[in-house]
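Visitor: If it helps, the file is called my_file_5.cif and holds mmCIF, C-alpha atoms:
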```
data_target
loop_
_atom_site.group_PDB
_atom_site.id
_atom_site.type_symbol
_atom_site.label_atom_id
_atom_site.label_comp_id
_atom_site.auth_asym_id
_atom_site.auth_seq_id
_atom_site.Cartn_x
_atom_site.Cartn_y
_atom_site.Cartn_z
ATOM 1 C CA GLU A 1412 -36.782 -0.707 46.639
ATOM 2 C CA ALA A 1413 -37.532 2.781 47.931
ATOM 3 C CA GLN A 1414 -41.129 2.961 48.961
ATOM 4 C CA VAL A 1415 -43.818 4.232 51.283
ATOM 5 C CA THR A 1416 -46.038 1.449 52.585
ATOM 6 C CA GLN A 1417 -49.516 1.995 53.941
ATOM 7 C CA ASN A 1418 -51.743 -0.556 55.608
ATOM 8 C CA PRO A 1419 -54.467 -1.462 55.227
ATOM 9 C CA ARG A 1420 -55.301 -0.592 51.615
ATOM 10 C CA TYR A 1421 -59.031 -0.885 52.228
ATOM 11 C CA LEU A 1422 -60.963 -0.626 55.479
ATOM 12 C CA ILE A 1423 -64.644 -0.576 56.341
ATOM 13 C CA THR A 1424 -65.436 0.243 59.940
ATOM 14 C CA VAL A 1425 -68.287 1.442 62.128
ATOM 15 C CA THR A 1426 -68.724 4.828 63.721
ATOM 16 C CA GLY A 1427 -66.775 5.214 66.929
ATOM 17 C CA LYS A 1428 -64.491 2.220 66.598
ATOM 18 C CA LYS A 1429 -60.890 3.344 66.970
ATOM 19 C CA LEU A 1430 -58.581 2.545 64.093
ATOM 20 C CA THR A 1431 -54.996 3.078 63.028
ATOM 21 C CA VAL A 1432 -53.614 3.341 59.525
ATOM 22 C CA THR A 1433 -49.915 2.599 59.421
ATOM 23 C CA CYS A 1434 -47.335 4.275 57.219
ATOM 24 C CA SER A 1435 -43.715 3.248 56.891
ATOM 25 C CA GLN A 1436 -40.930 4.528 54.630
ATOM 26 C CA ASN A 1437 -37.530 2.981 53.989
ATOM 27 C CA MET A 1438 -35.758 6.040 52.586
ATOM 28 C CA ASN A 1439 -34.660 7.631 55.874
ATOM 29 C CA HIS A 1440 -36.767 10.696 55.094
ATOM 30 C CA GLU A 1441 -37.181 13.338 57.779
ATOM 31 C CA TYR A 1442 -40.474 14.721 56.535
ATOM 32 C CA MET A 1443 -43.711 12.730 56.526
ATOM 33 C CA SER A 1444 -47.309 13.776 56.103
ATOM 34 C CA TRP A 1445 -50.859 12.544 55.790
ATOM 35 C CA TYR A 1446 -53.401 13.717 53.241
ATOM 36 C CA ARG A 1447 -56.996 12.950 52.534
ATOM 37 C CA GLN A 1448 -58.339 13.066 49.015
ATOM 38 C CA ASP A 1449 -61.996 13.829 48.368
ATOM 39 C CA PRO A 1450 -63.747 14.450 45.042
ATOM 40 C CA GLY A 1451 -63.599 18.103 44.068
ATOM 41 C CA LEU A 1452 -61.418 19.000 47.037
ATOM 42 C CA GLY A 1453 -58.102 17.563 45.906
ATOM 43 C CA LEU A 1454 -55.466 16.720 48.500
ATOM 44 C CA ARG A 1455 -55.789 18.242 51.930
ATOM 45 C CA GLN A 1456 -53.069 17.866 54.486
ATOM 46 C CA ILE A 1457 -54.096 16.389 57.824
ATOM 47 C CA TYR A 1458 -50.861 16.325 59.830
ATOM 48 C CA TYR A 1459 -47.182 16.464 59.079
ATOM 49 C CA SER A 1460 -43.955 15.677 60.859
ATOM 50 C CA MET A 1461 -40.569 17.246 60.276
ATOM 51 C CA ASN A 1462 -38.724 14.645 62.300
ATOM 52 C CA VAL A 1463 -39.021 12.229 65.202
ATOM 53 C CA GLU A 1464 -41.252 13.602 67.966
ATOM 54 C CA VAL A 1465 -42.049 16.703 65.898
ATOM 55 C CA THR A 1466 -45.585 16.837 64.517
ATOM 56 C CA ASP A 1467 -47.894 19.656 63.516
ATOM 57 C CA LYS A 1468 -51.409 20.196 62.250
ATOM 58 C CA GLY A 1469 -52.173 20.563 58.592
ATOM 59 C CA ASP A 1470 -55.310 22.024 57.092
ATOM 60 C CA VAL A 1471 -57.840 19.447 58.336
ATOM 61 C CA PRO A 1472 -56.572 17.887 61.600
ATOM 62 C CA GLU A 1473 -59.903 17.558 63.455
ATOM 63 C CA GLY A 1474 -60.704 13.976 64.392
ATOM 64 C CA TYR A 1475 -57.194 12.683 63.732
ATOM 65 C CA LYS A 1476 -54.067 12.009 65.744
ATOM 66 C CA VAL A 1477 -50.550 11.088 64.703
ATOM 67 C CA SER A 1478 -47.320 10.057 66.350
ATOM 68 C CA ARG A 1479 -43.705 9.935 65.210
ATOM 69 C CA LYS A 1480 -41.757 7.786 67.624
ATOM 70 C CA GLU A 1481 -39.458 6.407 64.952
ATOM 71 C CA LYS A 1482 -38.187 8.062 61.816
ATOM 72 C CA ARG A 1483 -39.617 5.455 59.486
ATOM 73 C CA ASN A 1484 -43.162 5.227 60.900
ATOM 74 C CA PHE A 1485 -45.964 7.768 60.971
ATOM 75 C CA PRO A 1486 -49.291 6.177 61.918
ATOM 76 C CA LEU A 1487 -52.619 7.966 61.535
ATOM 77 C CA ILE A 1488 -55.079 7.369 64.369
ATOM 78 C CA LEU A 1489 -58.808 7.917 64.286
ATOM 79 C CA GLU A 1490 -59.950 7.699 67.900
ATOM 80 C CA SER A 1491 -63.666 7.826 67.114
ATOM 81 C CA PRO A 1492 -64.253 7.663 63.371
ATOM 82 C CA SER A 1493 -67.309 9.312 61.866
ATOM 83 C CA PRO A 1494 -68.887 8.947 58.406
ATOM 84 C CA ASN A 1495 -67.420 12.302 57.280
ATOM 85 C CA GLN A 1496 -64.002 10.733 57.570
ATOM 86 C CA THR A 1497 -64.831 8.345 54.762
ATOM 87 C CA SER A 1498 -62.117 9.187 52.273
ATOM 88 C CA LEU A 1499 -58.976 8.114 50.453
ATOM 89 C CA TYR A 1500 -55.899 8.658 52.589
ATOM 90 C CA PHE A 1501 -52.317 9.048 51.427
ATOM 91 C CA CYS A 1502 -49.113 9.062 53.379
ATOM 92 C CA ALA A 1503 -46.098 10.830 51.882
ATOM 93 C CA SER A 1504 -42.460 11.291 52.784
ATOM 94 C CA SER A 1505 -39.607 13.429 51.529
ATOM 95 C CA PRO A 1506 -36.087 14.329 52.571
ATOM 96 C CA TRP A 1507 -35.393 17.545 54.439
ATOM 97 C CA GLY A 1508 -35.773 20.570 52.196
ATOM 98 C CA GLY A 1509 -38.446 21.979 49.914
ATOM 99 C CA ASN A 1510 -36.680 21.272 46.652
ATOM 100 C CA THR A 1511 -37.361 17.587 46.814
ATOM 101 C CA GLU A 1512 -40.278 15.570 45.588
ATOM 102 C CA ALA A 1513 -42.717 13.761 47.843
ATOM 103 C CA PHE A 1514 -43.039 9.990 47.652
ATOM 104 C CA PHE A 1515 -46.548 8.705 48.175
ATOM 105 C CA GLY A 1516 -47.927 5.485 49.541
ATOM 106 C CA GLN A 1517 -50.527 3.462 47.634
ATOM 107 C CA GLY A 1518 -53.408 4.925 49.574
ATOM 108 C CA THR A 1519 -55.955 3.643 52.086
ATOM 109 C CA ARG A 1520 -59.605 3.753 51.188
ATOM 110 C CA LEU A 1521 -61.562 4.127 54.412
ATOM 111 C CA THR A 1522 -65.311 3.786 54.723
ATOM 112 C CA VAL A 1523 -67.000 4.624 58.018
ATOM 113 C CA VAL A 1524 -70.595 3.434 58.291
ATOM 114 C CA ALA B 1049 -51.131 32.488 52.915
ATOM 115 C CA GLN B 1050 -49.495 30.113 50.484
ATOM 116 C CA SER B 1051 -51.852 28.678 47.894
ATOM 117 C CA VAL B 1052 -51.933 26.841 44.605
ATOM 118 C CA SER B 1053 -54.775 27.277 42.119
ATOM 119 C CA GLN B 1054 -55.630 24.973 39.262
ATOM 120 C CA HIS B 1055 -58.166 26.590 37.001
ATOM 121 C CA ASN B 1056 -59.321 23.591 35.024
ATOM 122 C CA HIS B 1057 -61.140 21.065 37.172
ATOM 123 C CA HIS B 1058 -62.238 18.775 34.368
ATOM 124 C CA VAL B 1059 -60.764 18.538 30.891
ATOM 125 C CA ILE B 1060 -61.970 16.242 28.136
ATOM 126 C CA LEU B 1061 -59.897 15.814 24.997
ATOM 127 C CA SER B 1062 -59.623 13.540 22.019
ATOM 128 C CA GLU B 1063 -56.412 11.667 21.325
ATOM 129 C CA ALA B 1064 -53.757 13.752 19.552
ATOM 130 C CA ALA B 1065 -55.184 17.021 20.877
ATOM 131 C CA SER B 1066 -52.844 19.410 22.631
ATOM 132 C CA LEU B 1067 -53.059 19.881 26.386
ATOM 133 C CA GLU B 1068 -52.411 22.820 28.645
ATOM 134 C CA LEU B 1069 -53.347 22.759 32.322
ATOM 135 C CA GLY B 1070 -53.107 25.981 34.261
ATOM 136 C CA CYS B 1071 -51.454 26.378 37.652
ATOM 137 C CA ASN B 1072 -50.910 29.571 39.606
ATOM 138 C CA TYR B 1073 -49.222 29.854 42.970
ATOM 139 C CA SER B 1074 -49.087 32.401 45.696
ATOM 140 C CA TYR B 1075 -45.747 32.268 47.472
ATOM 141 C CA GLY B 1076 -43.265 34.797 48.701
ATOM 142 C CA GLY B 1077 -39.601 34.187 48.084
ATOM 143 C CA THR B 1078 -38.083 31.126 46.504
ATOM 144 C CA VAL B 1079 -40.575 28.567 45.298
ATOM 145 C CA ASN B 1080 -40.229 24.985 44.166
ATOM 146 C CA LEU B 1081 -42.887 23.715 41.778
ATOM 147 C CA PHE B 1082 -44.128 20.241 40.943
ATOM 148 C CA TRP B 1083 -46.649 18.439 38.817
ATOM 149 C CA TYR B 1084 -47.867 15.047 39.993
ATOM 150 C CA VAL B 1085 -50.027 12.565 38.136
ATOM 151 C CA GLN B 1086 -52.451 10.066 39.625
ATOM 152 C CA TYR B 1087 -53.595 7.317 37.262
ATOM 153 C CA PRO B 1088 -56.939 5.673 38.076
ATOM 154 C CA GLY B 1089 -56.694 3.644 41.262
ATOM 155 C CA GLN B 1090 -53.068 4.531 41.859
ATOM 156 C CA HIS B 1091 -51.033 6.838 44.065
ATOM 157 C CA LEU B 1092 -49.484 10.150 43.066
ATOM 158 C CA GLN B 1093 -46.281 10.060 41.064
ATOM 159 C CA LEU B 1094 -43.958 12.892 40.136
ATOM 160 C CA LEU B 1095 -44.342 14.096 36.559
ATOM 161 C CA LEU B 1096 -41.827 16.935 36.640
ATOM 162 C CA LYS B 1097 -40.353 19.562 38.937
ATOM 163 C CA TYR B 1098 -38.773 22.997 38.830
ATOM 164 C CA PHE B 1099 -36.266 24.258 41.348
ATOM 165 C CA SER B 1100 -34.135 26.770 39.421
ATOM 166 C CA GLY B 1101 -32.455 27.350 36.060
ATOM 167 C CA ASP B 1102 -34.174 26.826 32.733
ATOM 168 C CA PRO B 1103 -37.835 27.779 33.219
ATOM 169 C CA LEU B 1104 -38.930 25.199 30.656
ATOM 170 C CA VAL B 1105 -38.906 21.842 32.366
ATOM 171 C CA LYS B 1106 -39.303 18.529 30.617
ATOM 172 C CA GLY B 1107 -40.766 15.557 32.421
ATOM 173 C CA ILE B 1108 -41.736 12.004 31.715
ATOM 174 C CA LYS B 1109 -44.068 10.818 28.959
ATOM 175 C CA GLY B 1110 -43.635 13.932 26.819
ATOM 176 C CA PHE B 1111 -44.939 16.411 29.374
ATOM 177 C CA GLU B 1112 -43.357 19.791 29.947
ATOM 178 C CA ALA B 1113 -44.080 22.828 32.076
ATOM 179 C CA GLU B 1114 -43.029 26.437 31.910
ATOM 180 C CA PHE B 1115 -42.284 28.557 34.945
ATOM 181 C CA ILE B 1116 -43.260 32.182 34.356
ATOM 182 C CA LYS B 1117 -42.230 34.124 37.418
ATOM 183 C CA SER B 1118 -43.987 37.350 36.426
ATOM 184 C CA LYS B 1119 -47.284 35.509 36.141
ATOM 185 C CA PHE B 1120 -46.749 33.216 39.136
ATOM 186 C CA SER B 1121 -47.615 30.358 36.826
ATOM 187 C CA PHE B 1122 -46.384 26.838 36.127
ATOM 188 C CA ASN B 1123 -48.589 25.478 33.357
ATOM 189 C CA LEU B 1124 -48.354 21.879 32.213
ATOM 190 C CA ARG B 1125 -48.336 21.102 28.491
ATOM 191 C CA LYS B 1126 -48.269 18.154 26.141
ATOM 192 C CA PRO B 1127 -48.437 18.576 22.354
ATOM 193 C CA SER B 1128 -50.393 15.389 21.668
ATOM 194 C CA VAL B 1129 -52.245 13.469 24.375
ATOM 195 C CA GLN B 1130 -52.899 9.754 24.407
ATOM 196 C CA TRP B 1131 -55.690 7.709 25.920
ATOM 197 C CA SER B 1132 -53.207 6.524 28.563
ATOM 198 C CA ASP B 1133 -52.830 10.111 29.802
ATOM 199 C CA THR B 1134 -56.285 9.869 31.369
ATOM 200 C CA ALA B 1135 -55.563 10.704 35.001
ATOM 201 C CA GLU B 1136 -55.791 13.344 37.661
ATOM 202 C CA TYR B 1137 -53.067 15.991 37.640
ATOM 203 C CA PHE B 1138 -51.952 17.952 40.677
ATOM 204 C CA CYS B 1139 -49.827 21.050 40.783
ATOM 205 C CA ALA B 1140 -47.861 21.610 44.003
ATOM 206 C CA ALA B 1141 -45.553 24.251 45.405
ATOM 207 C CA SER B 1142 -43.215 24.512 48.350
ATOM 208 C CA GLY B 1143 -41.217 27.393 49.675
ATOM 209 C CA GLY B 1144 -38.821 27.991 52.475
ATOM 210 C CA SER B 1145 -40.874 25.964 54.917
ATOM 211 C CA TYR B 1146 -40.770 23.107 52.381
ATOM 212 C CA ILE B 1147 -44.243 22.038 53.385
ATOM 213 C CA PRO B 1148 -45.873 21.448 50.018
ATOM 214 C CA THR B 1149 -49.242 22.891 49.103
ATOM 215 C CA PHE B 1150 -51.299 21.053 46.501
ATOM 216 C CA GLY B 1151 -53.854 22.393 44.098
ATOM 217 C CA ARG B 1152 -57.294 20.799 43.908
ATOM 218 C CA GLY B 1153 -56.369 18.737 40.898
ATOM 219 C CA THR B 1154 -57.523 18.532 37.295
ATOM 220 C CA SER B 1155 -59.271 15.458 36.002
ATOM 221 C CA LEU B 1156 -58.218 14.723 32.408
ATOM 222 C CA ILE B 1157 -60.197 12.315 30.255
ATOM 223 C CA VAL B 1158 -58.801 11.453 26.839
ATOM 224 C CA HIS B 1159 -61.160 9.799 24.386
ATOM 225 C CA PRO B 1160 -59.609 7.316 21.954
#
```
Represent the structure of the file as structure tokens.
Guide:
Amino acid sequence: EAQVTQNPRYLITVTGKKLTVTCSQNMNHEYMSWYRQDPGLGLRQIYYSMNVEVTDKGDVPEGYKVSRKEKRNFPLILESPSPNQTSLYFCASSPWGGNTEAFFGQGTRLTVV
Amino acid sequence: AQSVSQHNHHVILSEAASLELGCNYSYGGTVNLFWYVQYPGQHLQLLLKYFSGDPLVKGIKGFEAEFIKSKFSFNLRKPSVQWSDTAEYFCAASGGSYIPTFGRGTSLIVHP
């Protein structure tokens, strides 16, 4: 089954404790991205990757890191999480080209206390 | 800069009422347009998309959208909503860079 898998689905952590949210897709998509969803602000793109070893900042990259060492994986790293990073995070992937839909993961609800 | 605007942030309707959600985009050149739906507690799923051809696009669950190039709009419509349509709806656009831009979303509540 074609899917985007995020882990964990829920995470509560403390300020400053490094964490990684994993994202994996099995559709051989070139393009992957991370979004955060906050009430009233919709989806805001954090980082995106057009292919292996190619990543770029989205609209709200501060406090986040990503890597794309393999085509299928695109982990999101919070080196020193802060409470303002409490949010719902989505990973998405799509094939090369703008006329294709994005496939979303189930989401990761992160709470930083 | 590329942008997508959704004018209705919250919409409340009764079952069987008609729905129209507004979406305007700001893109130069060729644009691809999407509507996604997010049911409570779930991830985003594609509702419908427009790439070219017939500007009236039909999607799943009785939804449709009309691309009006002169108005830079891609409004979502449904003639008769159901309680199960309660969800958040996102309009999105992508152009030559194919990096999609999402609108802020519209929260739809349908009362039975």
Visitor: Restrict the distance test to only C-alpha atoms, flag each residue of chain A within 12 Å of chain B, and return the flagged residues as an NGL selection string.
Guide: :A and (1414-1417 or 1420 or 1441-1461 or 1467-1470 or 1499-1520)
Visitor: By how many Å are atom CA of Pro1486 of chain A and atom CA of Ala1413 of chain A apart?
Guide: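 Between atom CA of Pro1486 of chain A and atom CA of Ala1413 of chain A the gap is 18.6 Å.
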Visitor: Can you turn the PyMOL selection byres ((chain B and resi 1069) around 10) into a concrete residue list for this file, as a PyMOL selection string?
Guide: chain B and resi 1054-1059+1067-1068+1070-1071+1113+1122-1126+1137-1139+1153-1154+1156
Visitor: Using C-alpha atoms, can you export the residues from the last selection as a PDB file, in the coordinates of the input?
Guide:
```pdb
ATOM      1  CA  GLN B1054     -55.630  24.973  39.262  1.00  0.00           C
ATOM      2  CA  HIS B1055     -58.166  26.590  37.001  1.00  0.00           C
ATOM      3  CA  ASN B1056     -59.321  23.591  35.024  1.00  0.00           C
ATOM      4  CA  HIS B1057     -61.140  21.065  37.172  1.00  0.00           C
ATOM      5  CA  HIS B1058     -62.238  18.775  34.368  1.00  0.00           C
ATOM      6  CA  VAL B1059     -60.764  18.538  30.891  1.00  0.00           C
ATOM      7  CA  LEU B1067     -53.059  19.881  26.386  1.00  0.00           C
ATOM      8  CA  GLU B1068     -52.411  22.820  28.645  1.00  0.00           C
ATOM      9  CA  GLY B1070     -53.107  25.981  34.261  1.00  0.00           C
ATOM     10  CA  CYS B1071     -51.454  26.378  37.652  1.00  0.00           C
ATOM     11  CA  ALA B1113     -44.080  22.828  32.076  1.00  0.00           C
ATOM     12  CA  PHE B1122     -46.384  26.838  36.127  1.00  0.00           C
ATOM     13  CA  ASN B1123     -48.589  25.478  33.357  1.00  0.00           C
ATOM     14  CA  LEU B1124     -48.354  21.879  32.213  1.00  0.00           C
ATOM     15  CA  ARG B1125     -48.336  21.102  28.491  1.00  0.00           C
ATOM     16  CA  LYS B1126     -48.269  18.154  26.141  1.00  0.00           C
ATOM     17  CA  TYR B1137     -53.067  15.991  37.640  1.00  0.00           C
ATOM     18  CA  PHE B1138     -51.952  17.952  40.677  1.00  0.00           C
ATOM     19  CA  CYS B1139     -49.827  21.050  40.783  1.00  0.00           C
ATOM     20  CA  GLY B1153     -56.369  18.737  40.898  1.00  0.00           C
ATOM     21  CA  THR B1154     -57.523  18.532  37.295  1.00  0.00           C
ATOM     22  CA  LEU B1156     -58.218  14.723  32.408  1.00  0.00           C
TER      23      LEU B1156
END
```
Visitor: Starting from the displayed file, determine the output of the PyMOL selection byres ((chain B and resi 1133) around 12) and express the residue list as number ranges by chain.
Guide: B: 1059-1067, 1085-1088, 1095, 1108-1111, 1125-1126, 1128-1132, 1134-1137, 1155-1160
Visitor: Between A:Leu1422, A:Thr1466, A:Gly1474, A:Val1432, single out the one closest to Ser1491 of chain A, counting all atoms listed in the file.
Guide: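 Using all atoms listed in the file, Ser1491 of chain A sits closest to A:Gly1474.
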Visitor: When the PyMOL selection byres ((chain A and resi 1476) around 9) is applied to the file above, which residues end up in the set, as a compact mmCIF listing (two decimals) with C-alpha atoms, keeping the file's coordinate frame?
Guide:
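Wrote part03.txt, looks like this:
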```
# COMPACT_ATOMS: atom_id res chain seq x y z
CA TYR A 1458 -50.86 16.32 59.83
CA PRO A 1472 -56.57 17.89 61.60
CA GLU A 1473 -59.90 17.56 63.46
CA GLY A 1474 -60.70 13.98 64.39
CA TYR A 1475 -57.19 12.68 63.73
CA VAL A 1477 -50.55 11.09 64.70
CA SER A 1478 -47.32 10.06 66.35
CA PRO A 1486 -49.29 6.18 61.92
CA LEU A 1487 -52.62 7.97 61.54
CA ILE A 1488 -55.08 7.37 64.37
CA LEU A 1489 -58.81 7.92 64.29
CA GLU A 1490 -59.95 7.70 67.90
```
Visitor: Would you work out the distance separating atom CA of Lys1482 of chain A from atom CA of Asn1418 of chain A, expressed in Å to one decimal?
Guide: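 Computed distance, atom CA of Lys1482 of chain A to atom CA of Asn1418 of chain A, equals 17.2 Å.
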Visitor: Do you have the atom CA of Arg1479 of chain A-atom CA of Val1465 of chain A distance handy?
Guide: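 These two atoms are separated by 7.0 Å.
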Visitor: Nearest residue to Pro1492 of chain A out of A:Met1438, A:Ile1423, A:Val1471, A:Val1463, using all atoms listed in the file?
Guide: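 For Pro1492 of chain A, the nearest of the given residues is A:Ile1423.
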